[in-house]
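Quick look at final04.txt (compact mmCIF, C-alpha atoms):
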```txt
# COMPACT_ATOMS: atom_id res chain seq x y z
CA MET N 1 95.59 39.18 -59.01
CA THR N 2 94.10 42.61 -58.83
CA PRO N 3 90.30 42.61 -58.62
CA ASP N 4 88.37 44.28 -61.40
CA HIS N 5 86.29 46.90 -59.57
CA GLY N 6 84.23 47.71 -62.64
CA GLN N 7 83.09 44.10 -63.02
CA GLU N 8 82.26 43.88 -59.29
CA ASP N 9 80.11 47.00 -59.43
CA TRP N 10 78.28 45.59 -62.45
CA ALA N 11 77.52 42.33 -60.58
CA ARG N 12 76.07 44.23 -57.60
CA ALA N 13 73.83 46.30 -59.83
CA ALA N 14 72.61 43.18 -61.68
CA PHE N 15 71.73 41.47 -58.37
CA ALA N 16 69.82 44.53 -57.18
CA ARG N 17 67.85 44.65 -60.44
CA SER N 18 67.01 40.94 -60.15
CA ARG N 19 65.81 41.33 -56.53
CA GLU N 20 63.61 44.25 -57.50
CA ALA N 21 62.16 42.32 -60.43
CA TYR N 22 61.30 39.26 -58.29
CA PRO N 23 60.44 40.50 -54.78
CA SER N 24 60.28 37.83 -52.11
CA SER N 25 56.70 36.90 -51.02
CA PRO N 26 55.68 38.04 -47.55
CA ALA N 27 54.96 35.37 -44.97
CA PRO N 28 51.27 34.18 -45.25
CA VAL N 29 50.37 35.43 -41.79
CA ASP N 30 46.62 35.72 -42.49
CA ARG N 31 46.41 32.19 -43.86
CA ILE N 32 48.39 30.83 -40.94
CA LEU N 33 46.11 32.57 -38.39
CA THR N 34 42.95 31.45 -40.24
CA ALA N 35 44.14 27.86 -40.31
CA ALA N 36 45.06 28.00 -36.64
CA ARG N 37 41.62 29.39 -35.74
CA ALA N 38 39.97 26.65 -37.80
CA ARG N 39 41.99 23.98 -35.97
CA ARG N 40 41.05 25.46 -32.57
CA LYS N 41 37.39 25.52 -33.62
CA ARG N 42 37.50 21.85 -34.65
CA ARG N 43 39.14 20.94 -31.33
CA ARG N 44 36.42 22.80 -29.38
CA VAL N 45 33.67 21.00 -31.33
CA ALA N 46 35.36 17.65 -30.79
CA ALA N 47 35.77 18.39 -27.09
CA ALA N 48 32.12 19.43 -26.81
CA VAL N 49 30.99 16.22 -28.51
CA ALA N 50 33.20 14.14 -26.24
CA SER N 51 31.94 16.01 -23.20
CA ALA N 52 28.32 15.50 -24.26
CA ALA N 53 29.00 11.82 -24.78
CA CYS N 54 30.40 11.59 -21.27
CA VAL N 55 27.34 13.33 -19.84
CA VAL N 56 24.98 10.98 -21.70
CA GLY N 57 26.98 8.01 -20.49
CA ILE N 58 26.77 9.22 -16.87
CA GLY N 59 23.03 9.82 -17.20
CA LEU N 60 22.47 6.29 -18.45
CA SER N 61 24.60 4.88 -15.66
CA VAL N 62 22.64 6.81 -13.05
CA ALA N 63 19.39 5.61 -14.59
CA PHE N 64 20.52 2.00 -14.42
CA LEU N 65 21.63 2.41 -10.81
CA ARG N 66 18.22 3.62 -9.62
CA PRO N 67 16.28 1.09 -7.54
CA GLN N 68 13.75 -0.97 -9.43
CA PRO N 69 10.09 0.13 -9.03
CA ASP N 70 9.18 -2.95 -7.02
CA ALA N 71 11.83 -1.99 -4.41
CA VAL N 72 9.89 1.13 -3.54
CA ALA N 73 6.63 0.63 -1.78
CA PRO N 74 3.79 2.67 -3.21
CA ALA N 75 1.54 4.59 -0.75
CA HIS N 76 -1.61 3.64 -2.63
CA LEU N 77 -2.06 0.86 -5.16
CA PRO N 78 -4.73 0.83 -7.88
CA ALA N 79 -7.78 -1.38 -7.70
CA PRO N 80 -7.72 -4.51 -9.91
CA PRO N 81 -8.94 -4.03 -13.48
CA ALA N 82 -12.35 -5.31 -14.47
CA SER N 83 -10.73 -7.98 -16.63
CA SER N 84 -9.02 -9.77 -13.71
CA PRO N 85 -9.41 -13.54 -14.15
CA TYR N 86 -11.76 -14.24 -11.24
CA THR N 87 -14.21 -17.10 -11.54
CA PRO N 88 -17.71 -15.82 -10.81
CA ALA N 89 -19.29 -17.24 -7.67
CA PRO N 90 -22.20 -19.51 -8.64
CA SER N 91 -24.07 -18.85 -5.40
CA THR N 92 -23.72 -17.14 -2.02
CA VAL N 93 -20.16 -17.50 -0.70
CA THR N 94 -19.11 -16.84 2.89
CA VAL N 95 -15.52 -16.72 4.17
CA ARG N 96 -14.29 -16.27 7.74
CA VAL N 97 -11.89 -13.33 7.91
CA GLY N 98 -10.89 -13.67 11.56
CA ASP N 99 -12.10 -14.73 15.00
CA GLY N 100 -10.89 -15.12 18.57
CA THR N 101 -11.46 -13.93 22.12
CA THR N 102 -10.78 -10.45 23.50
CA ASP N 103 -11.81 -9.06 26.91
CA GLY N 104 -13.40 -12.46 27.57
CA LYS N 105 -15.74 -12.06 24.56
CA ARG N 106 -15.81 -14.05 21.38
CA TRP N 107 -15.49 -12.01 18.20
CA SER N 108 -15.63 -12.85 14.52
CA VAL N 109 -15.70 -11.20 11.12
CA ALA N 110 -16.90 -12.77 7.87
CA LEU N 111 -17.48 -11.61 4.30
CA GLU N 112 -20.64 -12.78 2.57
CA PHE N 113 -21.07 -12.38 -1.18
CA HIS N 114 -24.41 -12.69 -2.94
CA PRO N 115 -24.16 -12.88 -6.78
CA THR N 116 -27.69 -11.47 -7.00
CA PRO N 117 -29.61 -9.49 -4.36
CA PRO N 118 -31.13 -12.02 -1.95
CA LYS N 119 -34.83 -12.38 -1.36
CA GLY N 120 -36.09 -9.77 1.06
CA TYR N 121 -33.28 -7.34 0.39
CA THR N 122 -34.35 -3.76 -0.31
CA PRO N 123 -31.70 -1.39 -1.73
CA PRO N 124 -31.12 1.89 0.13
CA PRO N 125 -33.30 4.72 -1.20
CA HIS N 126 -30.41 7.03 -2.07
CA GLY N 127 -27.62 4.55 -2.72
CA SER N 128 -26.42 2.57 -5.72
CA ILE N 129 -28.46 -0.49 -6.64
CA GLY N 130 -25.77 -2.84 -7.95
CA THR N 131 -26.14 -6.31 -9.39
CA SER N 132 -24.76 -8.14 -6.34
CA LEU N 133 -24.45 -7.72 -2.58
CA LEU N 134 -21.40 -7.81 -0.29
CA CYS N 135 -21.99 -8.15 3.46
CA GLN N 136 -19.46 -7.70 6.27
CA ARG N 137 -20.74 -9.69 9.23
CA MET N 138 -19.09 -8.61 12.51
CA TYR N 139 -19.87 -10.09 15.92
CA ILE N 140 -18.74 -9.29 19.46
CA GLY N 141 -19.98 -11.51 22.28
CA GLY N 142 -22.54 -13.12 19.96
CA VAL N 143 -24.13 -9.78 18.98
CA ARG N 144 -23.93 -8.61 15.38
CA ILE N 145 -22.69 -5.06 15.00
CA ASP N 146 -25.31 -2.79 13.41
CA HIS N 147 -28.04 -5.39 13.95
CA GLN N 148 -30.43 -2.58 14.89
CA GLY N 149 -30.61 -1.57 11.23
CA GLY N 150 -31.98 -4.91 10.10
CA PRO N 151 -30.51 -8.00 8.42
CA TRP N 152 -28.84 -6.03 5.60
CA SER N 153 -27.46 -3.08 7.54
CA ASP N 154 -23.87 -4.30 7.17
CA CYS N 155 -24.18 -4.94 3.41
CA GLN N 156 -23.40 -2.83 0.36
CA PRO N 157 -24.44 -3.16 -3.28
CA VAL N 158 -21.64 -4.11 -5.71
CA ASN N 159 -21.46 -4.91 -9.39
CA GLY N 160 -20.43 -8.50 -9.95
CA THR N 161 -17.48 -10.33 -8.49
CA ASN N 162 -14.85 -7.66 -9.00
CA ASP N 163 -16.24 -4.23 -8.21
CA PRO N 164 -13.28 -2.00 -7.13
CA GLY N 165 -15.55 0.20 -5.01
CA PRO N 166 -15.01 -1.45 -1.60
CA ALA N 167 -11.20 -1.56 -1.93
CA GLY N 168 -9.37 0.83 0.37
CA GLU N 169 -12.03 1.06 3.08
CA MET N 170 -11.09 0.73 6.76
CA GLY N 171 -13.13 1.17 9.91
CA LEU N 172 -13.25 0.71 13.67
CA TRP N 173 -16.45 -1.00 14.80
CA GLY N 174 -18.06 -1.52 18.20
CA LEU N 175 -21.41 -2.27 19.80
CA HIS N 176 -21.90 1.23 21.19
CA ASP N 177 -20.68 4.83 20.96
CA LYS N 178 -19.63 4.32 17.30
CA GLY N 179 -16.71 2.13 18.24
CA ALA N 180 -15.02 4.79 20.37
CA ASP N 181 -14.67 2.55 23.43
CA GLY N 182 -15.31 -0.95 24.70
CA THR N 183 -14.20 -4.01 22.75
CA ARG N 184 -13.87 -3.04 19.09
CA LEU N 185 -12.94 -4.53 15.74
CA MET N 186 -10.64 -2.97 13.19
CA VAL N 187 -11.71 -4.18 9.74
CA ALA N 188 -10.06 -3.22 6.44
CA ASN N 189 -11.00 -3.95 2.83
CA PRO N 190 -7.51 -3.51 1.42
CA GLU N 191 -6.10 -3.00 -2.04
CA PRO N 192 -5.07 -6.14 -4.01
CA ASP N 193 -1.39 -6.22 -3.00
CA VAL N 194 -1.98 -5.99 0.76
CA ALA N 195 -1.07 -9.31 2.39
CA TYR N 196 -1.59 -8.28 6.01
CA GLY N 197 -2.18 -5.42 8.39
CA LEU N 198 -0.22 -4.62 11.53
CA ILE N 199 -1.85 -2.59 14.30
CA THR N 200 0.34 -0.94 16.94
CA LEU N 201 -1.37 -0.13 20.23
CA ALA N 202 -0.44 2.58 22.72
CA ASP N 203 1.11 0.03 25.10
CA GLY N 204 3.46 -1.14 22.33
CA HIS N 205 1.59 -4.36 21.64
CA GLN N 206 1.12 -5.22 17.96
CA VAL N 207 -1.70 -7.19 16.38
CA LYS N 208 -1.20 -8.79 12.96
CA ALA N 209 -4.15 -9.64 10.70
CA THR N 210 -3.88 -11.58 7.42
CA THR N 211 -5.89 -10.65 4.35
CA VAL N 212 -8.58 -13.17 3.35
CA THR N 213 -10.30 -13.17 -0.06
CA VAL N 214 -13.79 -14.39 -0.88
CA PRO N 215 -13.24 -17.34 -3.28
CA GLY N 216 -14.15 -16.58 -6.87
CA THR N 217 -14.17 -12.81 -6.29
CA GLY N 218 -11.88 -9.82 -5.82
CA TYR N 219 -13.34 -8.91 -2.39
CA ARG N 220 -10.99 -9.16 0.55
CA ALA N 221 -10.61 -8.08 4.16
CA TRP N 222 -8.48 -8.38 7.27
CA ALA N 223 -9.74 -7.95 10.84
CA ALA N 224 -8.22 -7.56 14.31
CA PRO N 225 -9.65 -6.96 17.80
CA ILE N 226 -8.94 -3.82 19.84
CA PRO N 227 -9.27 -4.41 23.61
CA ASP N 228 -11.27 -2.06 25.81
CA GLY N 229 -9.23 0.93 27.02
CA GLN N 230 -6.58 0.58 24.29
CA THR N 231 -5.84 3.22 21.66
CA ILE N 232 -4.24 2.76 18.26
CA THR N 233 -1.03 4.60 17.44
CA ALA N 234 -0.54 3.25 13.90
CA VAL N 235 -2.02 0.95 11.29
CA ASP N 236 0.44 -0.36 8.68
CA GLN N 237 -0.21 -2.58 5.69
CA TYR N 238 2.35 -4.81 3.95
CA ASP N 239 2.66 -6.92 0.83
CA ASP N 240 3.89 -10.52 0.55
CA HIS N 241 7.51 -9.32 0.57
CA HIS N 242 6.98 -7.36 3.80
CA HIS N 243 7.25 -4.00 2.04
CA ARG N 244 5.14 -1.45 3.84
CA LEU N 245 2.43 -0.11 1.56
CA SER N 246 0.65 2.32 3.89
CA HIS N 247 1.10 3.98 7.28
CA ASP N 248 -1.90 5.49 9.06
CA THR N 249 -1.77 7.32 12.39
CA ASN N 250 -5.28 8.79 12.39
CA TRP N 251 -6.81 6.29 14.83
CA HIS N 252 -5.87 7.87 18.18
```

Kindly transcribe the structure held in the file into structure tokens.
Amino acid sequence: MTPDHGQEDWARAAFARSREAYPSSPAPVDRILTAARARRKRRRVAAAVASAACVVGIGLSVAFLRPQPDAVAPAHLPAPPASSPYTPAPSTVTVRVGDGTTDGKRWSVALEFHPTPPKGYTPPPHGSIGTSLLCQRMYIGGVRIDHQGGPWSDCQPVNGTNDPGPAGEMGLWGLHDKGADGTRLMVANPEPDVAYGLITLADGHQVKATTVTVPGTGYRAWAAPIPDGQTITAVDQYDDHHHRLSHDTNWH
């Protein structure tokens, strides 16, 4: 059968007219790129949130892994608050802090608390008056240190049974030359958490002294003898758990 060329030409022309009347839509490139950028932006935000969550998680873990505060010994502890539950002393109370023999001489240290200033006591002219009196009686070879100043020369005014003023004091005492030589006594009035002091001498010998508290009060002390000719290389203080609370090397 012979093809009808006239009909074929008409069909081609009709198809061309139809294509021109309904042009095909271009590919939505802009919308595709916009959508892609939006997806990338959401992924970045999600990744940032996840990353931040990881950082927060690590920070919390590190915080929980830090040692507890009581595992780290403080260098200086605060004095007890005024509301500490101490029973007031009804009358004069004396407690022996330490005693023994060094260089062939007897030594002793005692704390003596007077709830009210005793009869015959005269407060220092330029010092605090206080409502009570705390005395630190120190003896070497039967002689009281500072006896030349009178019966109250080794006493200090305090306010009641729990004055924080004396806490933290430490001194080296002797019968002559301000305790620089001869038989001496190291006496400390430590902070509340100090259970004992440990003195290291130049020859390597160590002397341990336990803290003693005046019953019914917050006043405490420890005392240790220093033999003639010896020098101190360090004074350390510890709590009940043997954590070192202070380290002092200023007693050479």

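Checking N:Pro215, N:Gly100, N:Gly197, N:Pro123 one by one against N:Met170, counting all atoms listed in the file, you find the shortest gap at N:Gly197.
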
With a distance cut-off of 12 Å and only C-alpha atoms, select the neighbouring residues of N:Arg220, excluding the residue or stretch itself and same-chain residues fewer than 5 positions from it, and output the selection as a PDB file with C-alpha atoms, in the coordinates of the input.
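Writing done, so here's selection.pdb:
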```pdb
ATOM      1  CA  ALA N  79      -7.780  -1.380  -7.700  1.00  0.00           C
ATOM      2  CA  PRO N  80      -7.720  -4.510  -9.910  1.00  0.00           C
ATOM      3  CA  THR N  94     -19.110 -16.840   2.890  1.00  0.00           C
ATOM      4  CA  VAL N  95     -15.520 -16.720   4.170  1.00  0.00           C
ATOM      5  CA  ARG N  96     -14.290 -16.270   7.740  1.00  0.00           C
ATOM      6  CA  VAL N  97     -11.890 -13.330   7.910  1.00  0.00           C
ATOM      7  CA  GLY N  98     -10.890 -13.670  11.560  1.00  0.00           C
ATOM      8  CA  VAL N 109     -15.700 -11.200  11.120  1.00  0.00           C
ATOM      9  CA  ALA N 110     -16.900 -12.770   7.870  1.00  0.00           C
ATOM     10  CA  LEU N 111     -17.480 -11.610   4.300  1.00  0.00           C
ATOM     11  CA  GLU N 112     -20.640 -12.780   2.570  1.00  0.00           C
ATOM     12  CA  PHE N 113     -21.070 -12.380  -1.180  1.00  0.00           C
ATOM     13  CA  LEU N 134     -21.400  -7.810  -0.290  1.00  0.00           C
ATOM     14  CA  CYS N 135     -21.990  -8.150   3.460  1.00  0.00           C
ATOM     15  CA  GLN N 136     -19.460  -7.700   6.270  1.00  0.00           C
ATOM     16  CA  THR N 161     -17.480 -10.330  -8.490  1.00  0.00           C
ATOM     17  CA  ASN N 162     -14.850  -7.660  -9.000  1.00  0.00           C
ATOM     18  CA  ASP N 163     -16.240  -4.230  -8.210  1.00  0.00           C
ATOM     19  CA  PRO N 164     -13.280  -2.000  -7.130  1.00  0.00           C
ATOM     20  CA  GLY N 165     -15.550   0.200  -5.010  1.00  0.00           C
ATOM     21  CA  PRO N 166     -15.010  -1.450  -1.600  1.00  0.00           C
ATOM     22  CA  ALA N 167     -11.200  -1.560  -1.930  1.00  0.00           C
ATOM     23  CA  GLY N 168      -9.370   0.830   0.370  1.00  0.00           C
ATOM     24  CA  GLU N 169     -12.030   1.060   3.080  1.00  0.00           C
ATOM     25  CA  MET N 170     -11.090   0.730   6.760  1.00  0.00           C
ATOM     26  CA  VAL N 187     -11.710  -4.180   9.740  1.00  0.00           C
ATOM     27  CA  ALA N 188     -10.060  -3.220   6.440  1.00  0.00           C
ATOM     28  CA  ASN N 189     -11.000  -3.950   2.830  1.00  0.00           C
ATOM     29  CA  PRO N 190      -7.510  -3.510   1.420  1.00  0.00           C
ATOM     30  CA  GLU N 191      -6.100  -3.000  -2.040  1.00  0.00           C
ATOM     31  CA  PRO N 192      -5.070  -6.140  -4.010  1.00  0.00           C
ATOM     32  CA  ASP N 193      -1.390  -6.220  -3.000  1.00  0.00           C
ATOM     33  CA  VAL N 194      -1.980  -5.990   0.760  1.00  0.00           C
ATOM     34  CA  ALA N 195      -1.070  -9.310   2.390  1.00  0.00           C
ATOM     35  CA  TYR N 196      -1.590  -8.280   6.010  1.00  0.00           C
ATOM     36  CA  THR N 210      -3.880 -11.580   7.420  1.00  0.00           C
ATOM     37  CA  THR N 211      -5.890 -10.650   4.350  1.00  0.00           C
ATOM     38  CA  VAL N 212      -8.580 -13.170   3.350  1.00  0.00           C
ATOM     39  CA  THR N 213     -10.300 -13.170  -0.060  1.00  0.00           C
ATOM     40  CA  VAL N 214     -13.790 -14.390  -0.880  1.00  0.00           C
ATOM     41  CA  PRO N 215     -13.240 -17.340  -3.280  1.00  0.00           C
TER      42      PRO N 215
END
```

Handout entry: Distance in Å - atom CA of N:Gly104 versus atom CA of N:Gly141
Key =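 We find that atom CA of N:Gly104 and atom CA of N:Gly141 lie 8.5 Å from each other.
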
Practice task
Would you mind listing what lies within 10 Å of N:Ser128 as a PyMOL selection string, with all atoms listed in the file counted and same-chain residues fewer than 2 positions away left out?
Solution key: chain N and resi 123-126+130-131+156-159

Practice task
Please indicate the distance in Å from atom CA of N:Tyr121 to atom CA of N:Thr92, rounded to one decimal place.
Solution key: 13.9 Å

Exercise for the section: Have a look at N:Asp146, N:Asp203, N:Asp248, N:Asp154 and name the one nearest to N:Asp236; count all atoms listed in the file. Expected result: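 Answer, going by the shortest atom-to-atom distance: N:Asp248.
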
Practice task
Work out how far apart atom CA of N:Ile232 and atom CA of N:His247 are and give it in Å to one decimal.
Solution key: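 Here the two named atoms are 12.3 Å from each other.
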
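When all atoms listed in the file are used to compute distances to N:Gly171, the closest of the residues N:Arg106, N:Ala223, N:Gln206, N:His114 turns out to be N:Ala223.
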
Problem - Shell around N:Ile199 at 9 Å using only C-alpha atoms, local window under 5 positions removed, as a PyMOL selection string - result: chain N and resi 186+205-209+224+232-237

Using all atoms of stretch 203-221 of chain N that appear in the file, construct an axis-aligned enclosing box with 4 Å of padding on every side and provide its centre coordinates and edge lengths in Å, rounded to one decimal, as lines of an AutoDock Vina configuration file.
```
center_x = -5.4
center_y = -8.7
center_z = 9.1
size_x = 25.6
size_y = 25.4
size_z = 40.0
```
